[in-house]
file work24.csv (CSV, C-alpha atoms and all ligand atoms)
chain,number,residue,atom,x,y,z
A,452,MET,CA,-15.3,-120.1,66.8
A,453,PRO,CA,-13.2,-117.9,64.5
A,454,LEU,CA,-13.1,-118.8,60.8
A,455,HIS,CA,-9.7,-118.7,59.0
A,456,LEU,CA,-10.6,-118.3,55.4
A,457,ASP,CA,-8.1,-118.2,52.6
A,458,ALA,CA,-8.5,-116.1,49.4
A,459,ARG,CA,-10.2,-119.0,47.5
A,460,GLN,CA,-12.7,-119.6,50.3
A,461,ARG,CA,-13.5,-115.8,50.4
A,462,ALA,CA,-14.0,-115.8,46.7
A,463,MET,CA,-16.5,-118.7,47.0
A,464,LEU,CA,-18.4,-116.9,49.7
A,465,GLU,CA,-18.6,-113.7,47.5
A,466,GLU,CA,-19.9,-115.8,44.7
A,467,MET,CA,-22.6,-117.1,47.1
A,468,HIS,CA,-23.4,-113.5,48.1
A,469,VAL,CA,-22.5,-114.3,51.7
A,470,ARG,CA,-20.9,-111.4,53.5
A,471,VAL,CA,-18.4,-112.4,56.2
A,472,TRP,CA,-16.1,-110.0,58.0
A,473,TRP,CA,-12.4,-110.5,57.9
A,474,PRO,CA,-9.4,-108.2,58.6
A,475,GLN,CA,-8.7,-105.8,55.7
A,476,GLU,CA,-5.3,-106.1,54.0
A,477,PRO,CA,-3.0,-103.2,55.1
A,478,GLU,CA,-2.8,-100.3,52.6
A,479,PRO,CA,0.4,-100.6,50.6
A,480,ALA,CA,3.1,-98.0,51.2
A,481,PRO,CA,3.1,-95.3,48.4
A,482,ALA,CA,6.3,-96.5,46.8
A,483,ALA,CA,5.1,-100.1,46.8
A,484,ALA,CA,1.7,-99.1,45.4
A,485,ALA,CA,3.4,-97.2,42.6
A,486,ALA,CA,5.6,-100.2,41.8
A,487,ALA,CA,2.6,-102.5,41.8
A,488,ALA,CA,0.7,-100.1,39.5
A,489,ALA,CA,3.6,-100.0,37.1
A,490,ALA,CA,3.9,-103.8,37.1
A,491,ALA,CA,0.2,-104.2,36.4
A,492,ALA,CA,0.4,-101.8,33.5
A,493,GLU,CA,3.2,-103.8,32.0
A,494,ALA,CA,1.4,-107.1,32.2
A,495,PRO,CA,-2.1,-106.5,30.8
A,496,ALA,CA,-2.3,-110.0,29.3
A,497,THR,CA,-2.3,-111.6,32.8
A,498,ARG,CA,-5.1,-109.5,34.1
A,499,VAL,CA,-8.4,-111.1,34.5
A,500,PRO,CA,-11.2,-109.0,33.1
A,501,ALA,CA,-14.1,-108.2,35.4
A,502,ALA,CA,-16.7,-111.0,34.9
A,503,ALA,CA,-20.0,-109.9,33.4
A,504,PRO,CA,-22.9,-110.7,35.7
A,505,ALA,CA,-23.8,-114.4,35.2
A,506,PRO,CA,-27.3,-115.1,33.9
A,507,ALA,CA,-29.5,-116.6,36.5
A,508,PRO,CA,-29.3,-120.4,36.1
A,509,ALA,CA,-32.4,-122.2,34.9
A,510,VAL,CA,-33.7,-124.2,37.8
A,511,VAL,CA,-36.5,-126.7,37.5
A,512,ALA,CA,-38.8,-126.1,40.4
A,513,ARG,CA,-40.4,-129.0,42.1
A,514,ALA,CA,-44.1,-129.1,42.2
A,515,ALA,CA,-45.2,-128.3,45.7
A,516,PRO,CA,-48.7,-129.6,46.5
A,517,ALA,CA,-50.0,-128.3,49.8
A,518,VAL,CA,-50.7,-131.7,51.2
A,519,PRO,CA,-48.5,-134.8,50.3
A,520,ALA,CA,-50.3,-137.8,48.9
A,521,PRO,CA,-51.4,-140.1,51.7
A,522,ALA,CA,-49.5,-143.4,51.9
A,523,PRO,CA,-51.6,-146.6,51.1
A,524,VAL,CA,-52.5,-148.4,54.3
A,525,PRO,CA,-50.4,-151.6,54.5
A,526,THR,CA,-52.1,-154.9,55.3
A,527,PRO,CA,-50.7,-156.9,58.3
A,528,ARG,CA,-49.0,-159.2,55.7
A,529,GLN,CA,-47.4,-156.3,54.0
A,530,GLU,CA,-46.3,-154.9,57.4
A,531,ARG,CA,-44.6,-158.2,58.2
A,532,ALA,CA,-42.9,-158.2,54.8
A,533,ASP,CA,-41.7,-154.6,55.3
A,534,GLU,CA,-40.3,-155.5,58.8
A,535,GLY,CA,-38.4,-158.4,57.3
A,536,ARG,CA,-37.0,-156.3,54.5
A,537,SER,CA,-35.9,-153.5,57.0
A,538,ALA,CA,-34.2,-156.1,59.2
A,539,ALA,CA,-32.3,-157.6,56.3
A,540,ILE,CA,-31.2,-154.1,55.1
A,541,ALA,CA,-30.1,-153.2,58.7
A,542,ALA,CA,-27.7,-156.2,58.6
A,543,MET,CA,-26.0,-155.4,55.3
A,544,ASP,CA,-22.4,-154.3,54.8
A,545,TRP,CA,-21.6,-151.4,52.4
A,546,SER,CA,-21.2,-153.5,49.3
A,547,ALA,CA,-24.4,-155.5,49.9
A,548,LEU,CA,-26.2,-152.2,50.5
A,549,GLN,CA,-25.0,-150.8,47.2
A,550,GLN,CA,-26.2,-153.9,45.4
A,551,ALA,CA,-29.5,-153.9,47.2
A,552,VAL,CA,-30.2,-150.3,46.1
A,553,ALA,CA,-29.1,-151.0,42.5
A,554,GLY,CA,-31.6,-153.8,42.2
A,555,CYS,CA,-34.4,-152.4,44.4
A,556,GLU,CA,-38.0,-152.6,43.2
A,557,ALA,CA,-39.7,-151.8,46.4
A,558,CYS,CA,-41.7,-148.9,45.1
A,559,LYS,CA,-43.1,-147.7,41.8
A,560,LEU,CA,-40.1,-145.4,41.1
A,561,CYS,CA,-38.1,-148.4,39.9
A,562,SER,CA,-40.2,-148.5,36.7
A,563,THR,CA,-39.3,-145.0,35.6
A,564,ARG,CA,-35.8,-144.5,36.8
A,565,LYS,CA,-32.8,-144.6,34.5
A,566,ASN,CA,-30.3,-145.2,37.4
A,567,THR,CA,-30.5,-145.6,41.1
A,568,VAL,CA,-28.5,-142.9,42.9
A,569,PHE,CA,-26.8,-144.5,45.9
A,570,GLY,CA,-24.7,-141.5,46.9
A,571,VAL,CA,-21.3,-140.0,46.4
A,572,GLY,CA,-18.2,-139.4,48.5
A,573,PRO,CA,-14.7,-140.5,49.2
A,574,ALA,CA,-13.7,-143.9,48.0
A,575,ALA,CA,-14.2,-146.8,50.4
A,576,PRO,CA,-10.9,-148.1,51.8
A,577,GLU,CA,-12.0,-151.8,51.2
A,578,ALA,CA,-14.8,-153.3,49.1
A,579,ASP,CA,-17.1,-154.1,52.0
A,580,ALA,CA,-16.2,-151.2,54.3
A,581,PRO,CA,-17.9,-147.8,54.1
A,582,PRO,CA,-15.8,-144.7,53.2
A,583,ARG,CA,-14.6,-142.3,55.9
A,584,ALA,CA,-17.0,-139.3,55.9
A,585,ASP,CA,-17.0,-136.6,58.5
A,586,TRP,CA,-20.2,-135.0,57.2
A,587,LEU,CA,-23.3,-136.6,55.6
A,588,ILE,CA,-25.4,-134.3,53.4
A,589,VAL,CA,-28.9,-135.6,53.0
A,590,GLY,CA,-31.1,-134.1,50.2
A,591,GLU,CA,-34.5,-135.1,48.8
A,592,ALA,CA,-34.5,-137.0,45.6
A,593,PRO,CA,-32.6,-137.3,42.3
A,594,GLY,CA,-33.5,-134.9,39.5
A,595,GLU,CA,-33.2,-135.4,35.8
A,596,GLN,CA,-29.4,-135.0,35.6
A,597,GLU,CA,-28.8,-137.1,38.8
A,598,ASP,CA,-31.0,-139.8,37.3
A,599,LEU,CA,-29.0,-139.8,34.1
A,600,ARG,CA,-25.6,-139.8,35.8
A,601,GLY,CA,-26.4,-141.9,38.9
A,602,GLU,CA,-24.9,-139.2,41.1
A,603,PRO,CA,-26.6,-136.8,43.6
A,604,PHE,CA,-26.3,-133.0,43.4
A,605,VAL,CA,-24.9,-132.4,40.0
A,606,GLY,CA,-25.6,-129.3,37.9
A,607,GLN,CA,-25.9,-125.8,39.4
A,608,ALA,CA,-27.3,-126.9,42.7
A,609,GLY,CA,-24.5,-129.4,43.1
A,610,LYS,CA,-22.0,-126.7,42.2
A,611,LEU,CA,-23.4,-124.4,44.8
A,612,LEU,CA,-23.4,-127.1,47.5
A,613,ASP,CA,-19.7,-128.0,46.7
A,614,ASN,CA,-18.7,-124.3,46.9
A,615,MET,CA,-20.5,-123.9,50.2
A,616,LEU,CA,-18.9,-127.0,51.7
A,617,ARG,CA,-15.5,-126.0,50.4
A,618,ALA,CA,-15.8,-122.7,52.2
A,619,VAL,CA,-15.9,-124.5,55.5
A,620,GLY,CA,-13.2,-127.0,54.5
A,621,VAL,CA,-15.4,-129.9,53.4
A,622,SER,CA,-15.2,-131.8,50.1
A,623,ARG,CA,-17.3,-134.6,48.6
A,624,HIS,CA,-14.1,-136.1,47.1
A,625,GLY,CA,-12.2,-136.5,50.3
A,626,ASP,CA,-9.3,-134.6,48.9
A,627,ALA,CA,-7.3,-133.6,52.0
A,628,LYS,CA,-5.3,-131.0,50.1
A,629,ALA,CA,-8.5,-129.2,48.9
A,630,ALA,CA,-10.4,-129.6,52.2
A,631,PRO,CA,-9.5,-131.3,55.4
A,632,GLN,CA,-12.9,-132.9,56.0
A,633,SER,CA,-14.8,-135.2,53.7
A,634,ALA,CA,-18.6,-135.5,53.0
A,635,PHE,CA,-20.8,-138.2,51.7
A,636,ILE,CA,-23.8,-137.0,49.8
A,637,VAL,CA,-27.1,-138.9,49.6
A,638,ASN,CA,-30.8,-138.4,49.0
A,639,VAL,CA,-33.8,-139.7,51.0
A,640,LEU,CA,-35.0,-141.3,47.7
A,641,LYS,CA,-32.6,-143.3,45.6
A,642,CYS,CA,-34.7,-143.1,42.5
A,643,ARG,CA,-36.1,-140.1,40.6
A,644,PRO,CA,-39.8,-139.2,41.0
A,645,PRO,CA,-41.0,-138.6,37.4
A,646,GLY,CA,-41.2,-134.9,36.4
A,647,ASN,CA,-39.4,-133.9,39.6
A,648,ARG,CA,-42.7,-134.2,41.5
A,649,ASN,CA,-42.5,-134.4,45.3
A,650,PRO,CA,-41.7,-137.8,46.9
A,651,ALA,CA,-44.8,-139.7,48.0
A,652,LEU,CA,-45.0,-140.9,51.7
A,653,ASP,CA,-45.0,-144.6,50.7
A,654,GLU,CA,-41.9,-144.1,48.5
A,655,VAL,CA,-40.1,-142.4,51.4
A,656,ALA,CA,-41.1,-145.2,53.8
A,657,GLN,CA,-39.8,-147.9,51.4
A,658,CYS,CA,-36.5,-146.1,50.9
A,659,GLU,CA,-35.8,-145.1,54.4
A,660,PRO,CA,-34.2,-148.3,55.5
A,661,PHE,CA,-31.4,-147.7,53.0
A,662,LEU,CA,-30.7,-144.2,54.4
A,663,LYS,CA,-30.8,-145.5,57.9
A,664,ARG,CA,-28.2,-148.2,57.1
A,665,GLN,CA,-26.0,-145.7,55.3
A,666,ILE,CA,-26.0,-143.5,58.4
A,667,ALA,CA,-25.3,-146.5,60.7
A,668,LEU,CA,-22.3,-147.6,58.5
A,669,LEU,CA,-20.9,-144.2,57.8
A,670,GLN,CA,-21.2,-142.9,61.4
A,671,PRO,CA,-20.7,-139.3,60.3
A,672,LYS,CA,-19.8,-136.6,62.9
A,673,ILE,CA,-22.6,-134.4,61.6
A,674,ILE,CA,-25.6,-134.7,59.3
A,675,LEU,CA,-26.7,-131.6,57.2
A,676,ALA,CA,-30.4,-132.1,56.2
A,677,VAL,CA,-31.2,-129.9,53.2
A,678,GLY,CA,-34.7,-129.4,52.0
A,679,ARG,CA,-38.2,-130.2,53.4
A,680,PHE,CA,-38.3,-133.9,52.7
A,681,ALA,CA,-34.8,-134.6,54.1
A,682,VAL,CA,-35.7,-132.7,57.2
A,683,GLN,CA,-39.1,-134.3,57.6
A,684,SER,CA,-37.5,-137.8,57.3
A,685,LEU,CA,-34.7,-137.2,59.7
A,686,LEU,CA,-36.7,-135.3,62.4
A,687,ALA,CA,-39.8,-137.4,62.3
A,688,ASP,CA,-39.0,-138.9,65.7
A,689,SER,CA,-37.6,-135.8,67.4
A,690,VAL,CA,-40.1,-133.0,66.3
A,691,ALA,CA,-43.9,-133.4,66.9
A,692,ASP,CA,-45.9,-132.8,63.7
A,693,VAL,CA,-42.7,-132.0,61.8
A,694,GLN,CA,-44.7,-132.2,58.5
A,695,THR,CA,-46.5,-129.0,59.4
A,696,VAL,CA,-43.6,-127.0,60.7
A,697,PRO,CA,-42.0,-124.6,58.2
A,698,LEU,CA,-38.4,-125.4,57.5
A,699,GLY,CA,-37.3,-121.9,58.6
A,700,ARG,CA,-38.6,-122.5,62.1
A,701,LEU,CA,-36.5,-125.7,62.4
A,702,ARG,CA,-33.2,-124.0,61.6
A,703,GLY,CA,-30.7,-123.0,64.2
A,704,LYS,CA,-30.9,-126.0,66.5
A,705,VAL,CA,-29.1,-129.3,66.7
A,706,TYR,CA,-31.3,-132.4,66.5
A,707,ARG,CA,-30.3,-136.1,66.6
A,708,TYR,CA,-30.9,-139.0,64.3
A,709,ALA,CA,-29.7,-142.4,65.5
A,710,GLY,CA,-27.4,-140.6,67.9
A,711,VAL,CA,-25.8,-138.4,65.2
A,712,PRO,CA,-26.3,-134.6,65.4
A,713,VAL,CA,-28.5,-133.1,62.6
A,714,VAL,CA,-28.5,-129.5,61.4
A,715,VAL,CA,-31.3,-128.2,59.2
A,716,SER,CA,-30.8,-126.0,56.1
A,717,TYR,CA,-32.3,-125.0,52.8
A,718,HIS,CA,-31.9,-127.1,49.6
A,719,PRO,CA,-29.3,-125.6,47.3
A,720,ALA,CA,-31.9,-125.6,44.4
A,721,TYR,CA,-34.0,-123.3,46.6
A,722,LEU,CA,-31.0,-121.1,47.4
A,723,LEU,CA,-30.4,-120.6,43.6
A,724,ARG,CA,-33.9,-119.0,43.4
A,725,SER,CA,-33.7,-117.1,46.8
A,726,LEU,CA,-30.5,-115.2,47.0
A,727,PRO,CA,-31.3,-113.6,50.5
A,728,GLU,CA,-31.5,-117.1,52.0
A,729,LYS,CA,-27.9,-117.8,51.2
A,730,ALA,CA,-26.7,-115.9,54.3
A,731,LYS,CA,-29.0,-118.1,56.4
A,732,ALA,CA,-27.6,-121.3,54.8
A,733,TRP,CA,-24.1,-120.0,55.6
A,734,ALA,CA,-25.1,-119.6,59.3
A,735,ASP,CA,-26.4,-123.2,59.1
A,736,LEU,CA,-23.1,-124.4,57.8
A,737,CYS,CA,-21.3,-122.6,60.5
A,738,LEU,CA,-23.5,-124.3,63.1
A,739,ALA,CA,-22.8,-127.7,61.6
A,740,MET,CA,-19.1,-127.0,61.5
A,741,GLU,CA,-19.1,-125.8,65.2
A,742,THR,CA,-21.1,-128.9,66.2
A,743,ALA,CA,-18.7,-131.3,64.4
A,744,GLU,CA,-15.6,-129.5,65.9
A,745,THR,CA,-17.1,-129.5,69.4
A,746,LEU,CA,-17.7,-133.3,69.2
A,747,LYS,CA,-14.2,-133.9,67.8
A,748,SER,CA,-12.5,-132.0,70.7
A,749,ARG,CA,-14.3,-134.1,73.4
B,801,LIG,S1,-36.9,-145.1,45.5
B,801,LIG,FE1,-35.9,-146.4,47.0
B,801,LIG,S2,-37.5,-147.9,47.6
B,801,LIG,FE2,-38.2,-147.0,45.6
B,801,LIG,S3,-37.4,-148.4,44.1
B,801,LIG,FE3,-35.8,-146.7,44.4
B,801,LIG,S4,-34.4,-147.6,45.9
B,801,LIG,FE4,-36.3,-148.8,46.0
call {"tool": "encode", "arguments": {"input": "work24.csv", "output": "structure tokens", "more": "lines below"}}
Ligand code: SF4
result
Amino acid sequence: MPLHLDARQRAMLEEMHVRVWWPQEPEPAPAAAAAAAAAAAEAPATRVPAAAPAPAPAVVARAAPAVPAPAPVPTPRQERADEGRSAAIAAMDWSALQQAVAGCEACKLCSTRKNTVFGVGPAAPEADAPPRADWLIVGEAPGEQEDLRGEPFVGQAGKLLDNMLRAVGVSRHGDAKAAPQSAFIVNVLKCRPPGNRNPALDEVAQCEPFLKRQIALLQPKIILAVGRFAVQSLLADSVADVQTVPLGRLRGKVYRYAGVPVVVSYHPAYLLRSLPEKAKAWADLCLAMETAETLKSR
């Protein structure tokens, strides 16, 4: 599917170090070029100086133990309680779900968080109704800034994610002028693991009913799973031994979670440390866009 990128989108892609071919502007006629040069010379104050190379942003790397901590084995009584809790969450409307997350104490992360991080996206049309979101972006867990602000994907990684999304016409704010499609952004975990450690399996298991209900209520056209823990959560039922498959090998295909197509990509925080992978992330975005557009035209 051809991409029609305007000048702003091209600038964003250049900032991301993603090379995309587009037709070159025709060379100006000699007379026009001379006039343009003269005009430029007369207006130096309006010229934007070339930007100095930006220093590499400081990124806090997550600790990455080779093997995730095993989840405690639940007793039959605990299993029954978990089933009851999951069933109650599966029946909640949007407003009840927000309140349930805000007051959740189902895992130990509640004792160290400053804020729960429910998600961010366009405003809901009514109090109990979910917002309209074409895309759902699923990340891993809040970091320090997200915990402080109660919002996912802030800081440099959030900026990169926003730029990448805007380049394909998607915005987390649902601003139709800026981008025709809207995105809701969430994490697998709604509370920050202390010290940005990896999520533990029992924490993911306790928090998953919230993500499941968010997806059921939002009914996005496409889910973009970014990072290892988001991918492992969403593909657990569709890929055998997904915990042991490198993320790079899961890219380039369309999976399903609760009937919604899922595309796999790298976490923006990882992309900030690994510039060559940005081109792959751009390919993932294009696959997600094509999948969403194909479904829309059916
Ligand atoms: S991480 Fe999820 S399950 Fe754990 S306390 Fe926070 S909202 Fe509850």
call {"tool": "residues_near_point", "arguments": {"input": "work24.csv", "point": "(-36.0, -156.3, 45.6)", "cutoff": "12 Å", "atoms": "only C-alpha atoms", "output": "ChimeraX atom specification"}}
result
/A:532-533,536-537,539-540,548,550-559,561,657-658
call {"tool": "residues_around", "arguments": {"input": "work24.csv", "residues": "Glu659 of chain A", "least_positions_apart": "3", "cutoff": "9 Å", "atoms": "all atoms listed in the file", "output": "list in words"}}
result
Ser537, Val639, Leu640, Glu654, Val655, Ala656, Leu662, Lys663, Arg664 and Ser684 of chain A
call {"tool": "residues_near_point", "arguments": {"input": "work24.csv", "point": "(-26.7, -139.3, 66.3)", "cutoff": "10 Å", "atoms": "only C-alpha atoms", "output": "PyMOL selection string"}}
result
chain A and resi 666-667+670-674+706-713
call {"tool": "write_last_selection", "arguments": {"input": "work24.csv", "atoms": "C-alpha atoms", "output": "compact mmCIF listing (two decimals), keeping the file's coordinate frame"}}
result
# COMPACT_ATOMS: atom_id res chain seq x y z
CA ILE A 666 -26.00 -143.50 58.40
CA ALA A 667 -25.30 -146.50 60.70
CA GLN A 670 -21.20 -142.90 61.40
CA PRO A 671 -20.70 -139.30 60.30
CA LYS A 672 -19.80 -136.60 62.90
CA ILE A 673 -22.60 -134.40 61.60
CA ILE A 674 -25.60 -134.70 59.30
CA TYR A 706 -31.30 -132.40 66.50
CA ARG A 707 -30.30 -136.10 66.60
CA TYR A 708 -30.90 -139.00 64.30
CA ALA A 709 -29.70 -142.40 65.50
CA GLY A 710 -27.40 -140.60 67.90
CA VAL A 711 -25.80 -138.40 65.20
CA PRO A 712 -26.30 -134.60 65.40
CA VAL A 713 -28.50 -133.10 62.60
call {"tool": "atom_distance", "arguments": {"input": "work24.csv", "atom1": "atom CA of Pro644 of chain A", "atom2": "atom CA of Ser562 of chain A"}}
result
10.3 Å
call {"tool": "residues_around", "arguments": {"input": "work24.csv", "residues": "Arg617 of chain A", "least_positions_apart": "4", "cutoff": "8 Å", "atoms": "all atoms listed in the file", "output": "list in words"}}
result
Gln460, Asp613, Val621, Ser622, Ala629 and Ala630 of chain A
call {"tool": "atom_distance", "arguments": {"input": "work24.csv", "atom1": "atom CA of Asp544 of chain A", "atom2": "atom CA of Asp579 of chain A"}}
result
6.0 Å
call {"tool": "closest_residue", "arguments": {"input": "work24.csv", "among": "A:Pro645, A:Arg700, A:Leu736, A:His718", "to": "Phe604 of chain A", "atoms": "only C-alpha atoms"}}
result
A:His718
call {"tool": "closest_residue", "arguments": {"input": "work24.csv", "among": "A:Pro527, A:Pro631, A:Pro660, A:Pro582", "to": "ligand LIG 801 (chain B)", "atoms": "all atoms listed in the file"}}
result
A:Pro660
call {"tool": "closest_residue", "arguments": {"input": "work24.csv", "among": "A:Arg724, A:Arg531, A:Arg679, A:Lys704", "to": "Thr742 of chain A", "atoms": "all atoms listed in the file"}}
result
A:Lys704
call {"tool": "atom_distance", "arguments": {"input": "work24.csv", "atom1": "atom CA of Leu686 of chain A", "atom2": "atom CA of Asn638 of chain A"}}
result
15.0 Å
call {"tool": "closest_residue", "arguments": {"input": "work24.csv", "among": "A:Gly601, A:Pro581, A:Pro525, A:Gly572", "to": "ligand LIG 801 (chain B)", "atoms": "only C-alpha atoms and all ligand atoms"}}
result
A:Gly601
call {"tool": "closest_residue", "arguments": {"input": "work24.csv", "among": "A:Ala651, A:Ala574, A:Val696, A:Leu611", "to": "ligand LIG 801 (chain B)", "atoms": "all atoms listed in the file"}}
result
A:Ala651
call {"tool": "closest_residue", "arguments": {"input": "work24.csv", "among": "A:Ala691, A:Ala681, A:Ala676, A:Met740", "to": "Val714 of chain A", "atoms": "all atoms listed in the file"}}
result
A:Ala676
call {"tool": "residues_around", "arguments": {"input": "work24.csv", "residues": "Ala732 of chain A", "least_positions_apart": "3", "cutoff": "8 Å", "atoms": "all atoms listed in the file", "output": "list of chain:residue names"}}
result
A:Ser716, A:Tyr717, A:Glu728, A:Lys729, A:Asp735, A:Leu736
call {"tool": "write_last_selection", "arguments": {"input": "work24.csv", "atoms": "C-alpha atoms", "output": "mmCIF file, in the coordinates of the input"}}
result
data_model
loop_
_atom_site.group_PDB
_atom_site.id
_atom_site.type_symbol
_atom_site.label_atom_id
_atom_site.label_comp_id
_atom_site.auth_asym_id
_atom_site.auth_seq_id
_atom_site.Cartn_x
_atom_site.Cartn_y
_atom_site.Cartn_z
ATOM 1 C CA SER A 716 -30.800 -126.000 56.100
ATOM 2 C CA TYR A 717 -32.300 -125.000 52.800
ATOM 3 C CA GLU A 728 -31.500 -117.100 52.000
ATOM 4 C CA LYS A 729 -27.900 -117.800 51.200
ATOM 5 C CA ASP A 735 -26.400 -123.200 59.100
ATOM 6 C CA LEU A 736 -23.100 -124.400 57.800
#
call {"tool": "residues_around", "arguments": {"input": "work24.csv", "residues": "Cys642 of chain A", "least_positions_apart": "4", "cutoff": "8 Å", "atoms": "all atoms listed in the file", "output": "MDAnalysis selection string"}}
result
chainID A and resid 560:561 564 566:568 592:593 598
